[in-house]
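Engineer: Input structure: model02.txt, which contains compact mmCIF, C-alpha atoms.
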# COMPACT_ATOMS: atom_id res chain seq x y z
CA MET Q 1 -49.26 -89.45 20.86
CA SER Q 2 -45.60 -89.96 19.96
CA ALA Q 3 -42.91 -87.58 21.07
CA GLN Q 4 -42.32 -86.42 17.50
CA LEU Q 5 -46.00 -85.84 16.84
CA ASP Q 6 -46.36 -84.04 20.15
CA VAL Q 7 -43.47 -81.73 19.29
CA ALA Q 8 -44.88 -81.13 15.83
CA THR Q 9 -48.31 -80.30 17.24
CA ARG Q 10 -47.03 -77.91 19.88
CA GLY Q 11 -44.72 -76.19 17.37
CA THR Q 12 -47.48 -75.23 14.95
CA ARG Q 13 -50.71 -73.29 14.86
CA SER Q 14 -53.97 -74.10 13.28
CA SER Q 15 -54.35 -70.52 12.01
CA VAL Q 16 -52.00 -68.00 10.42
CA ARG Q 17 -53.60 -65.15 12.35
CA VAL Q 18 -51.41 -63.66 15.07
CA PRO Q 19 -53.33 -62.75 18.26
CA LEU Q 20 -53.76 -59.03 18.83
CA ARG Q 21 -52.32 -59.35 22.34
CA ALA Q 22 -49.09 -60.79 20.95
CA ARG Q 23 -48.86 -58.01 18.40
CA LEU Q 24 -49.33 -55.34 21.07
CA ARG Q 25 -46.74 -56.97 23.30
CA SER Q 26 -44.18 -57.07 20.48
CA ALA Q 27 -44.92 -53.47 19.47
CA GLY Q 28 -44.73 -52.32 23.09
CA VAL Q 29 -41.21 -53.69 23.45
CA TRP Q 30 -39.97 -51.81 20.42
CA ILE Q 31 -41.78 -48.61 21.39
CA THR Q 32 -40.15 -48.81 24.82
CA ALA Q 33 -36.78 -49.43 23.20
CA ALA Q 34 -37.21 -46.40 20.94
CA ILE Q 35 -38.16 -44.18 23.88
CA VAL Q 36 -35.19 -45.35 25.95
CA ILE Q 37 -32.78 -44.82 23.06
CA LEU Q 38 -34.22 -41.36 22.36
CA ILE Q 39 -33.87 -40.32 26.00
CA THR Q 40 -30.31 -41.66 26.08
CA VAL Q 41 -29.34 -39.78 22.92
CA ILE Q 42 -30.84 -36.53 24.22
CA ALA Q 43 -29.07 -36.91 27.57
CA THR Q 44 -25.78 -37.68 25.82
CA LEU Q 45 -26.10 -34.65 23.57
CA LEU Q 46 -26.82 -32.43 26.55
CA MET Q 47 -23.80 -33.79 28.38
CA THR Q 48 -21.43 -33.56 25.44
CA THR Q 49 -22.50 -30.16 24.13
CA ASP Q 50 -19.47 -27.93 24.18
CA ASP Q 51 -19.72 -24.52 25.77
CA GLU Q 52 -18.85 -23.10 22.38
CA THR Q 53 -19.51 -19.40 22.19
CA GLU Q 54 -20.66 -17.44 19.19
CA ALA Q 55 -19.17 -14.17 20.42
CA PRO Q 56 -17.59 -12.12 17.59
CA LEU Q 57 -13.90 -12.84 17.00
CA HIS Q 58 -13.85 -15.43 19.80
CA TYR Q 59 -11.15 -18.07 19.49
CA ASP Q 60 -13.65 -20.91 20.11
CA SER Q 61 -16.35 -19.66 17.77
CA THR Q 62 -17.03 -21.50 14.53
CA ALA Q 63 -19.51 -18.86 13.41
CA ARG Q 64 -18.73 -16.67 10.42
CA ASP Q 65 -17.32 -13.91 12.61
CA GLY Q 66 -15.39 -16.29 14.86
CA THR Q 67 -11.62 -16.90 14.74
CA LYS Q 68 -11.35 -20.62 15.44
CA ALA Q 69 -10.10 -21.38 11.93
CA MET Q 70 -7.18 -18.99 12.39
CA VAL Q 71 -6.28 -20.44 15.82
CA GLU Q 72 -6.42 -24.05 14.65
CA THR Q 73 -4.39 -23.26 11.52
CA LEU Q 74 -1.65 -21.69 13.62
CA ARG Q 75 -1.61 -24.76 15.86
CA ALA Q 76 -1.37 -27.00 12.82
CA HIS Q 77 1.71 -25.03 11.72
CA GLY Q 78 3.51 -25.65 14.99
CA VAL Q 79 2.69 -22.48 16.92
CA GLU Q 80 2.00 -23.09 20.61
CA VAL Q 81 -1.34 -21.31 21.04
CA THR Q 82 -2.77 -20.45 24.46
CA THR Q 83 -6.35 -19.16 24.55
CA THR Q 84 -7.94 -17.58 27.60
CA GLU Q 85 -10.49 -15.11 28.89
CA ASP Q 86 -8.74 -14.85 32.26
CA PHE Q 87 -6.57 -11.77 32.68
CA LYS Q 88 -4.16 -13.36 35.18
CA GLU Q 89 -3.57 -16.35 32.95
CA ALA Q 90 -3.05 -14.09 29.94
CA ARG Q 91 -0.54 -11.91 31.79
CA SER Q 92 1.36 -14.95 33.04
CA ALA Q 93 1.50 -16.47 29.53
CA ALA Q 94 2.63 -13.12 28.06
CA ALA Q 95 5.72 -13.19 30.27
CA GLN Q 96 7.10 -16.30 28.54
CA PRO Q 97 9.98 -15.79 26.10
CA ASP Q 98 9.41 -15.68 22.34
CA THR Q 99 5.70 -14.88 22.66
CA THR Q 100 3.15 -12.83 20.76
CA MET Q 101 -0.09 -11.72 22.41
CA LEU Q 102 -3.19 -11.24 20.29
CA ILE Q 103 -6.17 -9.28 21.59
CA PRO Q 104 -8.84 -9.73 18.88
CA THR Q 105 -11.55 -7.49 20.35
CA ASN Q 106 -13.00 -5.81 23.46
CA THR Q 107 -9.90 -3.73 24.08
CA ASP Q 108 -12.20 -1.11 25.57
CA ALA Q 109 -13.06 -3.62 28.32
CA MET Q 110 -9.52 -3.38 29.65
CA SER Q 111 -8.66 -0.81 32.29
CA ALA Q 112 -5.48 1.25 32.27
CA GLY Q 113 -4.10 -1.10 34.92
CA ASP Q 114 -4.86 -4.12 32.75
CA VAL Q 115 -3.05 -2.57 29.80
CA ASP Q 116 -0.03 -1.70 31.95
CA GLY Q 117 0.04 -5.26 33.35
CA ILE Q 118 -0.03 -6.83 29.88
CA GLU Q 119 2.61 -4.51 28.48
CA SER Q 120 4.89 -5.02 31.49
CA ALA Q 121 4.63 -8.80 31.09
CA LEU Q 122 5.39 -8.53 27.37
CA ALA Q 123 8.33 -6.20 27.97
CA THR Q 124 10.02 -8.84 30.15
CA HIS Q 125 11.24 -10.63 27.01
CA ASP Q 126 10.58 -7.93 24.41
CA ASN Q 127 7.48 -9.83 23.26
CA ARG Q 128 5.03 -8.56 20.67
CA LEU Q 129 1.45 -7.28 20.99
CA VAL Q 130 -1.09 -7.54 18.17
CA LEU Q 131 -4.43 -5.72 18.29
CA VAL Q 132 -7.33 -6.27 15.91
CA ASP Q 133 -9.13 -3.04 14.98
CA PRO Q 134 -9.05 -1.51 18.50
CA GLY Q 135 -10.62 1.76 17.33
CA SER Q 136 -10.23 4.67 19.72
CA ALA Q 137 -9.04 2.25 22.43
CA ILE Q 138 -5.64 2.28 20.68
CA ALA Q 139 -4.89 5.35 22.80
CA GLU Q 140 -4.81 3.13 25.92
CA PHE Q 141 -1.90 1.14 24.44
CA THR Q 142 0.17 3.74 22.67
CA ASP Q 143 0.31 7.44 21.81
CA ARG Q 144 2.31 6.79 18.65
CA ILE Q 145 -0.58 5.35 16.59
CA THR Q 146 -4.10 6.71 16.16
CA VAL Q 147 -7.22 6.12 14.11
CA ASN Q 148 -7.04 7.95 10.80
CA ASP Q 149 -9.98 10.33 10.59
CA ASN Q 150 -8.82 12.58 7.79
CA LEU Q 151 -10.50 10.64 4.97
CA SER Q 152 -13.59 11.85 3.17
CA PRO Q 153 -16.78 10.16 4.39
CA LEU Q 154 -17.93 9.97 0.76
CA ALA Q 155 -14.96 7.83 -0.25
CA SER Q 156 -15.52 4.54 -2.06
CA PRO Q 157 -12.37 2.45 -1.50
CA ASP Q 158 -11.40 -0.32 -3.88
CA PRO Q 159 -12.53 -3.83 -2.75
CA GLN Q 160 -8.89 -4.99 -2.66
CA SER Q 161 -5.98 -3.17 -1.08
CA GLN Q 162 -2.34 -3.39 -2.16
CA PRO Q 163 0.56 -3.51 0.33
CA ASN Q 164 2.37 -0.33 -0.79
CA CYS Q 165 5.04 -0.92 1.86
CA ALA Q 166 8.31 -2.77 2.34
CA LEU Q 167 7.07 -5.12 5.10
CA PRO Q 168 8.10 -8.67 3.97
CA SER Q 169 4.92 -10.37 5.20
CA ALA Q 170 2.74 -7.82 3.39
CA ARG Q 171 4.68 -8.06 0.13
CA THR Q 172 4.41 -11.87 0.30
CA ALA Q 173 0.66 -11.79 1.00
CA GLY Q 174 -0.09 -9.33 -1.80
CA ALA Q 175 -3.57 -7.89 -2.11
CA VAL Q 176 -6.08 -8.30 0.74
CA THR Q 177 -9.74 -7.44 1.18
CA THR Q 178 -10.49 -3.84 2.08
CA GLY Q 179 -12.04 -2.92 5.43
CA GLU Q 180 -13.57 0.24 6.83
CA SER Q 181 -10.88 1.41 9.27
CA GLU Q 182 -7.45 2.87 8.74
CA TYR Q 183 -4.73 3.70 11.27
CA ALA Q 184 -1.87 6.19 11.04
CA GLU Q 185 1.09 7.51 12.97
CA ALA Q 186 -0.03 10.10 15.50
CA LYS Q 187 2.87 12.38 14.60
CA LYS Q 188 4.17 12.58 11.08
CA GLY Q 189 7.64 11.10 10.61
CA THR Q 190 7.65 8.91 13.77
CA ASP Q 191 10.56 6.45 13.67
CA GLY Q 192 9.84 2.72 13.80
CA ILE Q 193 6.35 2.86 12.29
CA THR Q 194 5.51 1.02 9.07
CA ALA Q 195 2.08 1.30 7.49
CA CYS Q 196 0.69 -1.02 4.79
CA TYR Q 197 -2.52 -1.37 2.81
CA PRO Q 198 -3.68 2.24 2.70
CA LEU Q 199 -7.21 2.79 1.49
CA ALA Q 200 -7.33 3.80 -2.16
CA GLY Q 201 -10.00 4.42 -4.73
CA PRO Q 202 -12.56 7.02 -5.81
CA GLY Q 203 -12.99 9.80 -3.28
CA VAL Q 204 -10.27 8.59 -0.91
CA ASP Q 205 -8.66 11.95 -0.26
CA GLU Q 206 -7.01 13.38 2.81
CA ILE Q 207 -8.64 16.38 4.49
CA ASP Q 208 -6.53 19.26 5.71
CA GLY Q 209 -6.88 20.36 9.29
CA ALA Q 210 -7.69 16.88 10.66
CA GLU Q 211 -5.91 15.30 13.63
CA VAL Q 212 -3.66 13.20 11.38
CA ALA Q 213 -1.38 15.33 9.29
CA PRO Q 214 -1.61 14.80 5.54
CA GLY Q 215 1.20 12.59 4.27
CA SER Q 216 1.50 10.62 7.53
CA ALA Q 217 2.11 6.89 7.26
CA ARG Q 218 -1.30 5.26 7.21
CA GLY Q 219 -2.84 1.91 6.36
CA GLN Q 220 -5.02 -0.98 7.49
CA LEU Q 221 -1.92 -2.72 8.86
CA ILE Q 222 0.51 -0.71 10.92
CA THR Q 223 3.50 -1.82 12.99
CA ASP Q 224 5.54 0.03 15.62
CA SER Q 225 8.91 -1.49 16.50
CA ASP Q 226 10.16 1.37 18.70
CA GLY Q 227 7.33 1.68 21.22
CA HIS Q 228 7.21 0.38 24.79
CA VAL Q 229 6.46 -3.06 23.29
CA PRO Q 230 6.55 -4.04 19.61
CA LEU Q 231 3.01 -3.37 18.43
CA THR Q 232 1.04 -4.43 15.36
CA VAL Q 233 -2.45 -3.19 14.57
CA ILE Q 234 -4.57 -5.25 12.18
CA GLY Q 235 -7.07 -2.65 11.10
CA ASN Q 236 -9.50 -4.98 9.31
CA ALA Q 237 -11.15 -7.53 11.62
CA GLU Q 238 -12.46 -9.50 8.63
CA TRP Q 239 -8.94 -10.71 7.87
CA VAL Q 240 -9.01 -13.00 10.93
CA THR Q 241 -12.61 -14.26 10.75
CA ASN Q 242 -13.66 -17.73 9.68
CA GLU Q 243 -15.65 -16.30 6.79
CA HIS Q 244 -13.00 -14.09 5.19
CA ILE Q 245 -9.61 -15.44 6.25
CA ASP Q 246 -9.33 -17.52 3.06
CA GLU Q 247 -10.01 -14.58 0.74
CA GLU Q 248 -7.24 -12.87 -1.25
CA GLY Q 249 -4.00 -12.73 0.80
CA ASN Q 250 -5.74 -12.41 4.18
CA ALA Q 251 -4.57 -15.76 5.55
CA SER Q 252 -0.98 -15.27 4.43
CA LEU Q 253 -0.78 -11.83 6.01
CA VAL Q 254 -2.42 -12.72 9.33
CA LEU Q 255 -0.69 -16.06 9.82
CA SER Q 256 2.72 -14.61 9.05
CA GLN Q 257 2.16 -11.79 11.55
CA LEU Q 258 1.07 -14.19 14.29
CA SER Q 259 3.66 -16.90 13.71
CA GLU Q 260 6.79 -14.76 14.06
CA THR Q 261 7.25 -16.26 17.55
CA ASP Q 262 6.98 -19.83 18.81
CA ARG Q 263 4.16 -18.97 21.22
CA LEU Q 264 0.91 -17.11 20.72
CA VAL Q 265 -1.41 -16.00 23.52
CA VAL Q 266 -4.95 -15.15 22.43
CA TYR Q 267 -6.56 -13.08 25.18
CA TYR Q 268 -10.28 -12.38 24.85
CA PRO Q 269 -11.20 -9.63 27.35
CA THR Q 270 -14.74 -9.65 28.72
CA PHE Q 271 -16.75 -6.93 30.41
CA ASP Q 272 -17.80 -9.11 33.34
CA ASP Q 273 -14.59 -10.87 34.35
CA SER Q 274 -15.47 -10.34 38.00
CA GLU Q 275 -18.89 -11.97 37.67
CA GLU Q 276 -19.15 -15.69 37.19
CA PRO Q 277 -22.30 -17.04 35.55
CA PRO Q 278 -24.68 -18.95 37.82
CA PRO Q 279 -24.18 -22.73 37.70
CA SER Q 280 -26.47 -24.66 35.40
CA THR Q 281 -28.08 -28.02 36.03
CA ILE Q 282 -25.34 -29.74 34.04
CA ASP Q 283 -22.71 -28.33 36.40
CA PHE Q 284 -24.13 -30.45 39.22
CA VAL Q 285 -23.94 -33.69 37.23
CA PRO Q 286 -20.87 -35.77 38.20
CA ASP Q 287 -18.21 -36.47 35.59
CA TRP Q 288 -18.84 -40.22 35.62
CA PHE Q 289 -22.47 -39.80 34.56
CA LEU Q 290 -21.64 -39.51 30.86
CA ALA Q 291 -19.57 -42.69 30.93
CA GLY Q 292 -22.45 -44.42 32.71
CA VAL Q 293 -24.95 -43.26 30.08
CA LEU Q 294 -22.72 -44.44 27.23
CA TRP Q 295 -22.38 -47.84 28.91
CA LEU Q 296 -26.07 -48.09 29.81
CA ALA Q 297 -27.42 -47.37 26.31
CA PRO Q 298 -26.17 -50.57 24.58
CA THR Q 299 -26.90 -52.60 27.70
CA VAL Q 300 -30.55 -51.52 27.75
CA LEU Q 301 -30.82 -52.14 24.01
CA VAL Q 302 -29.50 -55.71 24.36
CA LEU Q 303 -31.84 -56.30 27.31
CA LEU Q 304 -34.85 -55.13 25.33
CA LEU Q 305 -33.86 -57.33 22.40
CA VAL Q 306 -33.64 -60.33 24.75
CA ILE Q 307 -36.99 -59.54 26.35
CA GLY Q 308 -38.59 -59.08 22.97
CA ARG Q 309 -37.41 -62.43 21.61
CA ARG Q 310 -40.06 -64.71 20.17
CA PHE Q 311 -40.60 -67.78 22.33
CA GLY Q 312 -43.65 -69.02 20.46
CA PRO Q 313 -43.83 -71.28 17.39
CA LEU Q 314 -41.02 -70.93 14.89
CA ALA Q 315 -43.30 -71.66 11.95
CA ILE Q 316 -46.96 -71.19 11.14
CA GLU Q 317 -48.36 -74.35 9.54
CA ARG Q 318 -51.84 -75.71 9.19
CA LEU Q 319 -52.76 -78.99 10.89
CA PRO Q 320 -52.61 -81.90 10.52
CA VAL Q 321 -48.85 -82.22 10.28
CA ILE Q 322 -47.82 -85.42 8.53
CA VAL Q 323 -44.44 -86.81 9.56
CA PRO Q 324 -43.16 -89.79 7.50
CA ALA Q 325 -42.57 -92.92 9.58
CA VAL Q 326 -38.96 -93.23 8.49
CA GLU Q 327 -38.23 -89.73 9.78
CA THR Q 328 -39.85 -90.60 13.08
CA VAL Q 329 -37.73 -93.74 13.41
CA HIS Q 330 -34.49 -92.01 12.52
CA GLY Q 331 -35.38 -89.16 14.82
CA ARG Q 332 -35.93 -91.48 17.75
CA ALA Q 333 -32.71 -93.33 17.02
CA ALA Q 334 -30.76 -90.07 16.84
CA LEU Q 335 -32.22 -88.91 20.15
CA SER Q 336 -31.31 -92.19 21.75
CA ALA Q 337 -27.78 -92.01 20.37
CA ARG Q 338 -27.27 -88.47 21.64
CA SER Q 339 -28.46 -89.53 25.08
CA HIS Q 340 -26.07 -92.58 24.94
CA ASP Q 341 -29.07 -94.95 25.08
CA ARG Q 342 -27.42 -97.52 22.80
CA ALA Q 343 -29.89 -100.26 23.64
CA GLY Q 344 -32.87 -98.06 22.81
CA ALA Q 345 -31.27 -96.88 19.58
CA LEU Q 346 -30.45 -100.49 18.57
CA HIS Q 347 -33.99 -101.65 19.35
CA THR Q 348 -35.46 -98.86 17.23
CA LEU Q 349 -33.20 -99.62 14.28
CA ARG Q 350 -33.80 -103.41 14.52
CA THR Q 351 -37.56 -102.91 14.60
CA ALA Q 352 -37.50 -100.54 11.64
CA SER Q 353 -35.31 -102.91 9.63
CA LEU Q 354 -37.54 -105.95 10.35
CA LEU Q 355 -40.66 -104.00 9.34
CA ARG Q 356 -39.12 -102.93 6.05
CA ILE Q 357 -37.86 -106.47 5.29
CA ALA Q 358 -41.28 -107.99 6.14
CA LYS Q 359 -42.89 -105.58 3.72
CA ARG Q 360 -40.45 -106.55 0.96
CA LEU Q 361 -41.04 -110.26 1.61
CA ALA Q 362 -44.83 -109.77 1.47
CA LEU Q 363 -45.31 -111.02 5.02
CA GLY Q 364 -48.51 -110.11 6.81
CA PRO Q 365 -48.74 -107.61 9.67
CA ASP Q 366 -49.11 -110.51 12.11
CA ALA Q 367 -45.73 -112.02 11.22
CA GLY Q 368 -43.48 -112.36 14.27
CA THR Q 369 -39.75 -111.85 14.59
CA THR Q 370 -38.96 -115.59 14.32
CA GLN Q 371 -41.04 -115.96 11.15
CA ILE Q 372 -39.33 -112.93 9.56
CA ILE Q 373 -35.83 -114.21 10.47
CA THR Q 374 -36.66 -117.69 9.03
CA ARG Q 375 -37.83 -116.08 5.79
CA ILE Q 376 -34.66 -113.92 5.62
CA ALA Q 377 -32.51 -117.06 6.00
CA GLU Q 378 -34.37 -118.76 3.13
CA VAL Q 379 -33.91 -115.79 0.81
CA THR Q 380 -30.31 -114.85 1.64
CA GLY Q 381 -28.94 -118.26 2.57
CA ARG Q 382 -27.63 -116.92 5.88
CA ASP Q 383 -27.49 -118.97 9.09
CA PRO Q 384 -30.69 -118.45 11.11
CA GLY Q 385 -28.68 -118.42 14.33
CA GLU Q 386 -26.50 -115.61 13.04
CA LEU Q 387 -29.56 -113.68 11.97
CA HIS Q 388 -31.20 -114.23 15.40
CA HIS Q 389 -28.02 -112.91 17.03
CA ILE Q 390 -28.02 -109.77 14.87
CA PHE Q 391 -31.74 -109.01 15.09
CA VAL Q 392 -32.50 -110.19 18.63
CA SER Q 393 -29.86 -111.32 21.07
CA ALA Q 394 -26.78 -109.20 20.38
CA THR Q 395 -26.06 -106.40 22.86
CA VAL Q 396 -23.79 -103.36 22.46
CA HIS Q 397 -21.66 -101.57 25.03
CA THR Q 398 -19.78 -99.04 22.89
CA ASP Q 399 -20.52 -96.78 19.96
CA ALA Q 400 -18.19 -98.85 17.81
CA GLU Q 401 -20.17 -102.03 18.54
CA LEU Q 402 -23.42 -100.22 17.79
CA THR Q 403 -22.02 -98.92 14.51
CA ASP Q 404 -20.85 -102.41 13.52
CA LEU Q 405 -24.22 -103.98 14.28
CA VAL Q 406 -26.10 -101.26 12.40
CA HIS Q 407 -23.79 -101.92 9.42
CA GLN Q 408 -24.73 -105.60 9.51
CA LEU Q 409 -28.45 -104.73 9.62
CA THR Q 410 -28.00 -102.53 6.57
CA GLN Q 411 -26.03 -105.22 4.74
CA ILE Q 412 -28.69 -107.86 5.37
CA GLU Q 413 -31.46 -105.47 4.32
CA SER Q 414 -29.62 -104.73 1.07
CA GLU Q 415 -29.60 -108.49 0.22
CA ILE Q 416 -33.39 -108.70 0.25
CA PRO Q 417 -34.73 -108.45 -3.30
Show this structure as structure tokens.
Structural biologist:
Amino acid sequence: MSAQLDVATRGTRSSVRVPLRARLRSAGVWITAAIVILITVIATLLMTTDDETEAPLHYDSTARDGTKAMVETLRAHGVEVTTTEDFKEARSAAAQPDTTMLIPTNTDAMSAGDVDGIESALATHDNRLVLVDPGSAIAEFTDRITVNDNLSPLASPDPQSQPNCALPSARTAGAVTTGESEYAEAKKGTDGITACYPLAGPGVDEIDGAEVAPGSARGQLITDSDGHVPLTVIGNAEWVTNEHIDEEGNASLVLSQLSETDRLVVYYPTFDDSEEPPPSTIDFVPDWFLAGVLWLAPTVLVLLLVIGRRFGPLAIERLPVIVPAVETVHGRAALSARSHDRAGALHTLRTASLLRIAKRLALGPDAGTTQIITRIAEVTGRDPGELHHIFVSATVHTDAELTDLVHQLTQIESEIP
């Protein structure tokens, strides 16, 4: 069996049916790859999951009642925003010059000492304090502002509230959405207090004999510039939430109030500052593990692809495979040339040329080389000695000599009718 025929036989199959074992092996590789990739993705997601909270009005919350949109918008407008749940960090940041502190919720979680510490830090540089709907806890911060409780419980306020005050930020913002709480000056006629966005609409009437005197400055936004620290109370928490900040003039009002200084400290008090949560399993995983997982995933995928490569036949073809003789000859000559076997390549080409010429000259299969050369000389008129040199005795030592001799063989063959 020739080399070409042997290769052809080993590279084919007698049947187009693929063995079940081969199918299972191929499927197993891809099933393993899918499992490894799935495990890697799950592990990566667990490692990269942010500790994002969904607590109401939290600065990191992207939920509807979160305030992340407000915080990120302020940052985008050049305000240096510091967010923290740590009281010491908040107090330290509040002592920086040109700073506003925002406490969005949980003011009732702060002790009297905490409030005094925050206000003392703010007073260092006459910094501002902004509270979001503190409710009755406003009394811990100031005795100049209180919750307005002299409105009829049957009132039905209008869905939008107008500024009705001279505060520039409020007049610029225009109408805002109406909330449920209203704040007022604790004593009628207190200097330094400005109230905006009072509740208005059917049934919104003041009740005599309540804690807040009728006619006192009241509204959903109230500022006090003459207190221990400049204080602003945003009475409607919806104005700062992700869901409602883009409604009416909410964004304009809130952002203008919080961007009056170059720095903003958002302090989110918690009820369990002294208790740290128990460590989770992820806390014990080293920092380099994620990088290792990200590097391992494509490496394992490439490895599985290499392992799953097909090493069997490249084509499915029924036997017998018929290879033309001329292709076999040229194939052998090319292999010999690539292996620098010039003598072998020349012998193959000479033999092939003599066989083709003998066939053209109608010589029998028993005709020898000398008989074929003699017949070529008779037909072409060439010197028999020259033909014997070309077809038999000439040797080659370089590729150029081989090329020249092959050219002569071709030329002689072309002269045979």
Engineer: Using all atoms listed in the file, can you tell me which of Q:Pro104, Q:Gly192, Q:Pro202, Q:Gly219 comes closest to Q:Glu238?
Structural biologist: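 Among Q:Pro104, Q:Gly192, Q:Pro202, Q:Gly219, it is Q:Pro104 that comes nearest to Q:Glu238.
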Engineer: In Å, with one decimal, what is the gap from atom CA of Q:Gln162 to atom CA of Q:Thr241?
Structural biologist: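 Separating atom CA of Q:Gln162 from atom CA of Q:Thr241 is a distance of 19.8 Å.
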Engineer: Do you know which residues lie at most 8 Å from (-16.0, -10.2, 7.2), with coordinates as in the file and all atoms listed in the file counted, and could you write them as a list in words?
Structural biologist: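 Within 8 Å of (-16.0, -10.2, 7.2), the protein and nucleic acid residues are Arg64, Asp65, Ala237, Glu238, Trp239, Thr241, Glu243 and His244 of chain Q.
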Engineer: Which residues are close to stretch 351-360 of chain Q, i.e. within 9 Å by all atoms listed in the file, leaving aside same-chain residues fewer than 3 positions away? Reply as a list of chain:residue names.
Structural biologist: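 Here the qualifying residues turn out to be Q:Val326, Q:Val329, Q:Leu346, Q:His347, Q:Thr348, Q:Leu363, Q:Gly364, Q:Pro365, Q:Ala367, Q:Thr369, Q:Ile372, Q:Ile373, Q:Arg375, Q:Ile376, Q:Phe391, Q:Leu409, Q:Thr410, Q:Glu413, Q:Ile416, Q:Pro417.
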Engineer: Could you check the closest approach to Q:Ile118 for each of Q:Asp98, Q:His228, Q:Leu154, Q:Val293 and tell me which residue wins, using all atoms listed in the file?
Structural biologist: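 Using all atoms listed in the file, the shortest distance to Q:Ile118 belongs to Q:His228.
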